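Below is run.cif, holding mmCIF, C-alpha atoms.
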data_query
loop_
_atom_site.group_PDB
_atom_site.id
_atom_site.type_symbol
_atom_site.label_atom_id
_atom_site.label_comp_id
_atom_site.auth_asym_id
_atom_site.auth_seq_id
_atom_site.Cartn_x
_atom_site.Cartn_y
_atom_site.Cartn_z
ATOM 1 C CA MET Q 1 135.695 102.786 77.185
ATOM 2 C CA LYS Q 2 135.731 106.360 78.368
ATOM 3 C CA HIS Q 3 131.955 106.532 78.055
ATOM 4 C CA VAL Q 4 131.532 103.390 80.186
ATOM 5 C CA MET Q 5 133.850 104.785 82.860
ATOM 6 C CA CYS Q 6 131.913 108.059 82.977
ATOM 7 C CA ARG Q 7 128.669 106.141 83.376
ATOM 8 C CA LYS Q 8 130.080 104.103 86.260
ATOM 9 C CA ILE Q 9 131.321 107.236 88.002
ATOM 10 C CA SER Q 10 127.942 108.915 87.518
ATOM 11 C CA ASN Q 11 126.095 105.887 88.876
ATOM 12 C CA PHE Q 12 128.426 105.785 91.869
ATOM 13 C CA ILE Q 13 127.858 109.461 92.634
ATOM 14 C CA ILE Q 14 124.091 109.052 92.271
ATOM 15 C CA GLY Q 15 124.200 106.010 94.581
ATOM 16 C CA VAL Q 16 126.140 107.933 97.231
ATOM 17 C CA VAL Q 17 123.688 110.833 97.052
ATOM 18 C CA CYS Q 18 120.730 108.438 97.413
ATOM 19 C CA VAL Q 19 122.295 106.750 100.448
ATOM 20 C CA LEU Q 20 122.989 110.099 102.085
ATOM 21 C CA SER Q 21 119.427 111.223 101.350
ATOM 22 C CA CYS Q 22 118.020 108.137 103.085
ATOM 23 C CA PHE Q 23 120.377 108.406 106.053
ATOM 24 C CA PRO Q 24 118.013 110.592 108.183
ATOM 25 C CA ILE Q 25 115.317 107.910 107.835
ATOM 26 C CA PHE Q 26 117.821 105.278 108.932
ATOM 27 C CA ILE Q 27 118.719 107.383 111.985
ATOM 28 C CA LEU Q 28 115.027 107.652 112.912
ATOM 29 C CA LEU Q 29 114.591 103.881 112.632
ATOM 30 C CA VAL Q 30 117.671 103.100 114.725
ATOM 31 C CA GLY Q 31 116.773 105.718 117.327
ATOM 32 C CA SER Q 32 113.224 104.402 117.617
ATOM 33 C CA ILE Q 33 114.404 100.883 118.559
ATOM 34 C CA THR Q 34 117.156 102.093 120.894
ATOM 35 C CA GLY Q 35 116.475 102.226 124.627
ATOM 36 C CA GLU Q 36 116.352 105.492 126.555
ATOM 37 C CA GLN Q 37 119.500 104.826 128.557
ATOM 38 C CA GLU Q 38 121.482 103.779 125.500
ATOM 39 C CA LEU Q 39 120.394 106.889 123.633
ATOM 40 C CA MET Q 40 121.562 109.029 126.522
ATOM 41 C CA ILE Q 41 125.000 107.477 126.288
ATOM 42 C CA TYR Q 42 125.222 108.103 122.549
ATOM 43 C CA LEU Q 43 123.866 111.663 122.790
ATOM 44 C CA LYS Q 44 125.588 112.665 126.018
ATOM 45 C CA GLY Q 45 127.466 115.484 124.373
ATOM 46 C CA ILE Q 46 124.203 117.150 123.322
ATOM 47 C CA PHE Q 47 122.333 117.068 126.607
ATOM 48 C CA GLU Q 48 125.173 117.406 129.104
ATOM 49 C CA GLU Q 49 127.440 119.587 126.954
ATOM 50 C CA GLN Q 50 130.359 117.319 127.702
ATOM 51 C CA GLY Q 51 131.633 114.054 126.318
ATOM 52 C CA GLN Q 52 131.225 112.751 122.804
ATOM 53 C CA THR Q 53 128.152 112.475 120.638
ATOM 54 C CA TYR Q 54 127.954 109.594 118.199
ATOM 55 C CA PHE Q 55 125.487 107.220 116.635
ATOM 56 C CA VAL Q 56 125.648 103.478 115.991
ATOM 57 C CA LEU Q 57 124.398 101.521 113.012
ATOM 58 C CA PHE Q 58 122.494 99.141 115.278
ATOM 59 C CA PRO Q 59 121.684 99.387 119.012
ATOM 60 C CA SER Q 60 123.325 97.030 121.482
ATOM 61 C CA PHE Q 61 119.956 96.240 123.081
ATOM 62 C CA PRO Q 62 117.159 96.882 120.571
ATOM 63 C CA THR Q 63 113.702 97.327 122.034
ATOM 64 C CA LEU Q 64 110.179 98.009 120.805
ATOM 65 C CA LYS Q 65 109.172 99.589 124.105
ATOM 66 C CA GLY Q 66 108.889 103.023 122.510
ATOM 67 C CA PHE Q 67 106.456 101.779 119.856
ATOM 68 C CA LEU Q 68 104.326 99.957 122.434
ATOM 69 C CA GLU Q 69 104.148 103.010 124.682
ATOM 70 C CA LEU Q 70 103.268 105.280 121.776
ATOM 71 C CA LEU Q 71 100.602 103.015 120.255
ATOM 72 C CA LEU Q 72 99.060 101.685 123.475
ATOM 73 C CA ASP Q 73 99.630 104.319 126.156
ATOM 74 C CA THR Q 74 99.648 107.627 124.250
ATOM 75 C CA PRO Q 75 96.168 108.659 123.059
ATOM 76 C CA GLU Q 76 97.540 112.084 122.093
ATOM 77 C CA PHE Q 77 99.344 110.427 119.201
ATOM 78 C CA TYR Q 78 96.086 109.258 117.639
ATOM 79 C CA MET Q 79 94.499 112.658 118.199
ATOM 80 C CA VAL Q 80 97.179 114.588 116.310
ATOM 81 C CA PHE Q 81 97.593 111.821 113.717
ATOM 82 C CA TRP Q 82 93.936 111.875 112.718
ATOM 83 C CA ASN Q 83 93.947 115.668 112.806
ATOM 84 C CA SER Q 84 96.689 115.539 110.174
ATOM 85 C CA VAL Q 85 94.731 112.988 108.135
ATOM 86 C CA LYS Q 86 91.593 115.132 108.324
ATOM 87 C CA LEU Q 87 93.331 118.347 107.310
ATOM 88 C CA THR Q 88 95.242 116.728 104.444
ATOM 89 C CA CYS Q 89 92.234 114.863 103.014
ATOM 90 C CA PHE Q 90 89.859 117.836 103.147
ATOM 91 C CA ILE Q 91 92.447 120.150 101.583
ATOM 92 C CA VAL Q 92 93.287 117.789 98.721
ATOM 93 C CA ILE Q 93 89.631 116.948 98.007
ATOM 94 C CA GLY Q 94 88.709 120.632 98.084
ATOM 95 C CA GLN Q 95 91.556 121.459 95.724
ATOM 96 C CA LEU Q 96 90.329 118.877 93.240
ATOM 97 C CA ILE Q 97 86.802 120.289 93.332
ATOM 98 C CA PHE Q 98 87.977 123.822 92.518
ATOM 99 C CA SER Q 99 91.329 123.509 90.757
ATOM 100 C CA VAL Q 100 90.375 120.999 88.043
ATOM 101 C CA PRO Q 101 87.437 123.055 86.663
ATOM 102 C CA ALA Q 102 89.520 126.246 87.015
ATOM 103 C CA ALA Q 103 92.384 124.720 85.043
ATOM 104 C CA TRP Q 104 89.937 123.496 82.416
ATOM 105 C CA GLY Q 105 88.411 126.963 82.153
ATOM 106 C CA PHE Q 106 91.793 128.626 81.657
ATOM 107 C CA SER Q 107 92.755 126.103 78.972
ATOM 108 C CA ARG Q 108 89.518 126.500 76.974
ATOM 109 C CA TRP Q 109 88.853 130.202 77.509
ATOM 110 C CA LYS Q 110 91.188 132.041 75.160
ATOM 111 C CA GLY Q 111 91.610 135.792 75.293
ATOM 112 C CA LYS Q 112 93.454 138.693 76.899
ATOM 113 C CA LEU Q 113 91.386 138.577 80.079
ATOM 114 C CA SER Q 114 92.041 134.864 80.526
ATOM 115 C CA ASN Q 115 95.770 135.364 80.007
ATOM 116 C CA ARG Q 116 95.877 138.202 82.528
ATOM 117 C CA LEU Q 117 93.964 136.208 85.115
ATOM 118 C CA PHE Q 118 96.291 133.269 84.661
ATOM 119 C CA TYR Q 119 99.260 135.608 84.971
ATOM 120 C CA ILE Q 120 97.855 136.776 88.328
ATOM 121 C CA TYR Q 121 97.443 133.120 89.319
ATOM 122 C CA THR Q 122 101.098 132.509 88.523
ATOM 123 C CA ILE Q 123 102.181 135.479 90.636
ATOM 124 C CA LEU Q 124 100.085 134.253 93.565
ATOM 125 C CA MET Q 125 101.651 130.804 93.242
ATOM 126 C CA LEU Q 126 105.135 132.323 93.567
ATOM 127 C CA LEU Q 127 104.270 134.289 96.713
ATOM 128 C CA PRO Q 128 105.419 132.537 99.918
ATOM 129 C CA PHE Q 129 102.969 132.014 102.766
ATOM 130 C CA GLN Q 130 104.710 134.700 104.834
ATOM 131 C CA VAL Q 131 103.613 137.351 102.326
ATOM 132 C CA THR Q 132 99.914 136.412 102.408
ATOM 133 C CA MET Q 133 99.885 135.417 106.076
ATOM 134 C CA LEU Q 134 98.460 138.692 107.437
ATOM 135 C CA SER Q 135 95.718 138.996 104.830
ATOM 136 C CA ASN Q 136 94.703 135.364 105.384
ATOM 137 C CA TYR Q 137 94.599 135.909 109.128
ATOM 138 C CA LEU Q 138 92.395 139.015 108.822
ATOM 139 C CA VAL Q 139 89.925 137.280 106.490
ATOM 140 C CA ILE Q 140 89.774 134.150 108.654
ATOM 141 C CA ASP Q 141 89.242 136.218 111.787
ATOM 142 C CA LYS Q 142 86.481 138.188 110.054
ATOM 143 C CA LEU Q 143 84.757 134.947 109.022
ATOM 144 C CA GLY Q 144 84.835 133.760 112.635
ATOM 145 C CA ILE Q 145 86.589 130.473 111.895
ATOM 146 C CA LEU Q 146 89.865 131.224 113.663
ATOM 147 C CA ASP Q 147 91.065 128.326 115.841
ATOM 148 C CA THR Q 148 89.106 125.780 113.814
ATOM 149 C CA HIS Q 149 90.251 123.318 111.188
ATOM 150 C CA ALA Q 150 88.373 125.357 108.589
ATOM 151 C CA ALA Q 151 90.904 128.156 109.122
ATOM 152 C CA VAL Q 152 93.632 125.862 107.772
ATOM 153 C CA ILE Q 153 91.555 124.070 105.151
ATOM 154 C CA LEU Q 154 89.789 126.999 103.465
ATOM 155 C CA PRO Q 155 92.840 129.011 102.279
ATOM 156 C CA ALA Q 156 94.663 125.873 101.140
ATOM 157 C CA VAL Q 157 91.682 124.669 99.092
ATOM 158 C CA PHE Q 158 92.063 127.676 96.787
ATOM 159 C CA SER Q 159 95.803 127.225 96.268
ATOM 160 C CA THR Q 160 96.967 128.188 92.781
ATOM 161 C CA PHE Q 161 99.641 125.487 92.501
ATOM 162 C CA PRO Q 162 97.352 122.607 91.400
ATOM 163 C CA VAL Q 163 95.640 124.904 88.877
ATOM 164 C CA PHE Q 164 99.011 125.732 87.337
ATOM 165 C CA ILE Q 165 100.039 122.073 86.945
ATOM 166 C CA ILE Q 166 96.718 120.706 85.677
ATOM 167 C CA TYR Q 167 96.318 123.622 83.262
ATOM 168 C CA ARG Q 168 99.464 122.519 81.435
ATOM 169 C CA TYR Q 169 97.900 119.125 80.705
ATOM 170 C CA PHE Q 170 94.583 120.512 79.501
ATOM 171 C CA SER Q 171 96.259 123.089 77.275
ATOM 172 C CA ALA Q 172 98.551 120.436 75.742
ATOM 173 C CA ILE Q 173 95.610 118.410 74.400
ATOM 174 C CA PRO Q 174 95.500 118.908 70.601
ATOM 175 C CA GLU Q 175 92.577 120.964 69.355
ATOM 176 C CA GLU Q 176 91.798 118.288 66.775
ATOM 177 C CA ILE Q 177 90.731 115.926 69.572
ATOM 178 C CA TYR Q 178 88.209 118.462 70.842
ATOM 179 C CA GLU Q 179 86.886 119.025 67.350
ATOM 180 C CA ALA Q 180 86.507 115.288 66.739
ATOM 181 C CA PHE Q 181 84.603 114.854 69.985
ATOM 182 C CA SER Q 182 82.404 117.882 69.216
ATOM 183 C CA LEU Q 183 81.124 116.090 66.111
ATOM 184 C CA GLU Q 184 79.518 113.469 68.364
ATOM 185 C CA SER Q 185 78.332 115.688 71.206
ATOM 186 C CA SER Q 186 77.862 119.402 71.715
ATOM 187 C CA SER Q 187 77.803 119.135 75.527
ATOM 188 C CA LYS Q 188 80.703 121.035 77.081
ATOM 189 C CA PHE Q 189 80.371 119.022 80.286
ATOM 190 C CA GLN Q 190 80.704 115.728 78.414
ATOM 191 C CA LEU Q 191 83.737 117.137 76.627
ATOM 192 C CA PHE Q 192 85.287 117.944 79.991
ATOM 193 C CA TRP Q 193 84.258 114.678 81.658
ATOM 194 C CA HIS Q 194 84.890 112.165 78.880
ATOM 195 C CA MET Q 195 87.774 113.828 77.054
ATOM 196 C CA GLY Q 196 89.564 116.375 79.221
ATOM 197 C CA LEU Q 197 89.746 114.462 82.512
ATOM 198 C CA PRO Q 198 91.043 111.131 81.098
ATOM 199 C CA LEU Q 199 93.757 112.847 79.046
ATOM 200 C CA ALA Q 200 94.908 114.973 81.998
ATOM 201 C CA MET Q 201 94.620 112.215 84.608
ATOM 202 C CA SER Q 202 98.391 111.734 84.947
ATOM 203 C CA GLY Q 203 98.792 115.388 85.892
ATOM 204 C CA ILE Q 204 95.870 115.238 88.318
ATOM 205 C CA LYS Q 205 97.317 112.172 90.063
ATOM 206 C CA ALA Q 206 100.759 113.779 90.332
ATOM 207 C CA THR Q 207 99.162 116.917 91.785
ATOM 208 C CA ILE Q 208 97.262 114.886 94.387
ATOM 209 C CA LEU Q 209 100.387 113.052 95.547
ATOM 210 C CA LEU Q 210 102.513 116.197 95.705
ATOM 211 C CA ASN Q 211 99.854 118.069 97.684
ATOM 212 C CA VAL Q 212 99.373 115.176 100.111
ATOM 213 C CA ILE Q 213 103.095 115.258 100.883
ATOM 214 C CA GLU Q 214 103.110 119.049 101.207
ATOM 215 C CA TYR Q 215 100.104 119.420 103.517
ATOM 216 C CA TRP Q 216 100.968 116.394 105.606
ATOM 217 C CA ASN Q 217 104.039 118.311 106.753
ATOM 218 C CA MET Q 218 102.659 121.859 106.916
ATOM 219 C CA ILE Q 219 103.737 123.914 109.919
ATOM 220 C CA GLU Q 220 103.098 127.650 109.419
ATOM 221 C CA GLN Q 221 99.335 127.474 108.810
ATOM 222 C CA PRO Q 222 98.312 125.397 111.863
ATOM 223 C CA LEU Q 223 100.865 127.208 114.003
ATOM 224 C CA LEU Q 224 99.268 130.549 113.155
ATOM 225 C CA PHE Q 225 95.573 129.648 112.929
ATOM 226 C CA LEU Q 226 95.181 126.922 115.594
ATOM 227 C CA LYS Q 227 95.544 127.779 119.264
ATOM 228 C CA THR Q 228 93.767 124.812 120.882
ATOM 229 C CA PRO Q 229 96.156 121.848 121.331
ATOM 230 C CA SER Q 230 93.416 119.300 120.622
ATOM 231 C CA LEU Q 231 93.183 120.674 117.072
ATOM 232 C CA TRP Q 232 96.885 120.494 116.309
ATOM 233 C CA PRO Q 233 98.298 118.189 113.639
ATOM 234 C CA PHE Q 234 101.387 116.171 114.450
ATOM 235 C CA SER Q 235 103.698 118.680 112.740
ATOM 236 C CA ILE Q 236 103.373 121.200 115.582
ATOM 237 C CA TYR Q 237 102.663 118.708 118.346
ATOM 238 C CA ILE Q 238 106.111 117.110 118.584
ATOM 239 C CA PRO Q 239 107.415 118.294 121.972
ATOM 240 C CA ASP Q 240 110.756 119.836 122.758
ATOM 241 C CA ILE Q 241 113.577 117.306 122.743
ATOM 242 C CA SER Q 242 114.890 116.561 126.210
ATOM 243 C CA LYS Q 243 116.563 113.749 128.112
ATOM 244 C CA GLU Q 244 113.211 112.475 129.335
ATOM 245 C CA ASN Q 245 111.537 111.999 125.937
ATOM 246 C CA ILE Q 246 114.283 111.438 123.390
ATOM 247 C CA GLN Q 247 113.105 107.936 122.405
ATOM 248 C CA TYR Q 248 109.500 109.154 122.228
ATOM 249 C CA VAL Q 249 110.522 111.823 119.699
ATOM 250 C CA PHE Q 250 112.333 109.235 117.559
ATOM 251 C CA VAL Q 251 109.357 106.847 117.580
ATOM 252 C CA PHE Q 252 106.800 109.596 117.010
ATOM 253 C CA SER Q 253 108.734 111.031 114.069
ATOM 254 C CA PHE Q 254 109.202 107.616 112.485
ATOM 255 C CA MET Q 255 105.527 106.687 112.821
ATOM 256 C CA VAL Q 256 104.263 109.839 111.110
ATOM 257 C CA LEU Q 257 106.850 109.313 108.367
ATOM 258 C CA ILE Q 258 105.550 105.849 107.474
ATOM 259 C CA PRO Q 259 102.398 107.004 105.557
ATOM 260 C CA MET Q 260 104.500 109.295 103.367
ATOM 261 C CA LEU Q 261 106.955 106.491 102.641
ATOM 262 C CA PHE Q 262 104.087 104.297 101.454
ATOM 263 C CA ILE Q 263 102.746 107.104 99.272
ATOM 264 C CA LEU Q 264 106.161 107.749 97.742
ATOM 265 C CA PHE Q 265 106.796 104.078 96.972
ATOM 266 C CA TRP Q 266 103.266 103.541 95.687
ATOM 267 C CA GLY Q 267 103.046 106.765 93.695
ATOM 268 C CA LYS Q 268 106.615 107.352 92.567
ATOM 269 C CA ASP Q 269 105.750 106.288 89.022
ATOM 270 C CA GLU Q 270 102.711 108.574 88.954
ATOM 271 C CA ILE Q 271 104.782 111.534 90.141
ATOM 272 C CA LYS Q 272 107.595 110.758 87.713
ATOM 273 C CA ASN Q 273 105.273 110.292 84.754
ATOM 274 C CA GLY Q 274 103.130 113.275 85.651
ATOM 275 C CA ILE Q 275 105.896 115.810 86.221
ATOM 276 C CA GLY Q 276 108.038 114.355 83.419
ATOM 277 C CA THR Q 277 105.193 114.595 80.934
ATOM 278 C CA MET Q 278 104.514 118.186 81.973
ATOM 279 C CA VAL Q 279 108.161 119.110 81.352
ATOM 280 C CA LEU Q 280 108.136 117.477 77.928
ATOM 281 C CA LYS Q 281 104.876 119.193 77.010
ATOM 282 C CA GLY Q 282 106.222 122.508 78.274
#

Take the structure in this file and express it as structure tokens.
Amino acid sequence: MKHVMCRKISNFIIGVVCVLSCFPIFILLVGSITGEQELMIYLKGIFEEQGQTYFVLFPSFPTLKGFLELLLDTPEFYMVFWNSVKLTCFIVIGQLIFSVPAAWGFSRWKGKLSNRLFYIYTILMLLPFQVTMLSNYLVIDKLGILDTHAAVILPAVFSTFPVFIIYRYFSAIPEEIYEAFSLESSSKFQLFWHMGLPLAMSGIKATILLNVIEYWNMIEQPLLFLKTPSLWPFSIYIPDISKENIQYVFVFSFMVLIPMLFILFWGKDEIKNGIGTMVLKG
């Protein structure tokens, strides 16, 4: 009986935490279908520094005017949206091209040098962007790609994080499997392609989804390396919040959130299985 009661309390607490976690998304949705004048009434205390500030669960006069204006009368939205898509896709594809073979190499190359190199990789993964920001800027400026999308894509392609995750999957494959495959073929590429990749696919998929979410919302890199507004992703394009554009900000924020919601719902099992398997193997 006590065990059942503890489970109910735990489920209740988890449910409350989940509802609170989703509450910002609910606020975005409600704000995006609330008219400008109604929003000004609710948020009067913020903009006029007097009166009360509150929010309702559903607007008195819901409207889709903000969505129509954004999708039909705001070409800037499509510009920054596709800039974000371009940056995210090129970064993730580039990471796959370099990180998967690198992780495979670390898992198959045994020795002191390999261990030291991987140790350096781990240190680089733990360094925040602010630490490597100056060195990245100097290299990018020297290459002459400053204020181009390549300035954002190139450093991110060689991120150490995907190498670290995928390496754990390759290294967890039993050596007996490699030996059994080697009896049929001596090709190292076939071993990688037909044995290594399929067995590590859950980790690769989890890495892709996590990196898509991360680089879809990146701020520091484009803010530092991109000066031309036409190159900006949506993450640094959102204008300052004011009385004149409050509904626009709600609608804009909700629209760029939708792709990530689809990815999370579609790939939640892949992320859970991938990260969970890595923890168990660790």

*Name the residues that the PyMOL selection byres ((chain Q and resi 122-132) around 8) picks from the file above, as a PyMOL selection string, using the file's chain letters and numbers.*
chain Q and resi 118-121+133-136+159-161+164+220

_Could you list, as a ChimeraX atom specification, every residue within 9 Å of Q:Ile204, counting all atoms listed in the file and ignoring same-chain residues fewer than 5 positions away?_
/Q:96,100,162,165-166,169,197,209,274

Residues as selected, C-alpha atoms, written as a short mmCIF file (atom, residue, chain, number, x, y, z; two decimals), keeping the file's coordinate frame, can you do that?
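Saved as out.cif:
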data_model
loop_
_atom_site.label_atom_id
_atom_site.label_comp_id
_atom_site.auth_asym_id
_atom_site.auth_seq_id
_atom_site.Cartn_x
_atom_site.Cartn_y
_atom_site.Cartn_z
CA LEU Q 96 90.33 118.88 93.24
CA VAL Q 100 90.38 121.00 88.04
CA PRO Q 162 97.35 122.61 91.40
CA ILE Q 165 100.04 122.07 86.94
CA ILE Q 166 96.72 120.71 85.68
CA TYR Q 169 97.90 119.12 80.70
CA LEU Q 197 89.75 114.46 82.51
CA LEU Q 209 100.39 113.05 95.55
CA GLY Q 274 103.13 113.28 85.65
#

*When the PyMOL selection byres ((chain Q and resi 228-230) around 10) is applied to the file above, which residues end up in the set, as a VMD selection string?*
chain Q and resid 76 79 to 80 83 147 to 148 225 to 227 231 to 233 236 to 237

*asked:* For this structure, which residues satisfy the selection - the PyMOL selection byres ((chain Q and resi 29-45) around 12) - when it is evaluated on the file as given? I want them as an NGL selection string.
replied: :Q and (22-28 or 46-70 or 241-255 or 257-258)

*Which residue, Q:Ile93, Q:Phe106, Q:Ser84, Q:Ile145, has the smallest gap to Q:Asn217 when you use only C-alpha atoms?*
Q:Ser84

*Calculate how many Å separate atom CA of Q:Asn211 from atom CA of Q:Asp141, rounding to one decimal.*
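Those two atoms sit 25.3 Å apart.
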
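Across the structure, atom CA of Q:Ile97 and atom CA of Q:Ser171 are spaced 18.8 Å apart.
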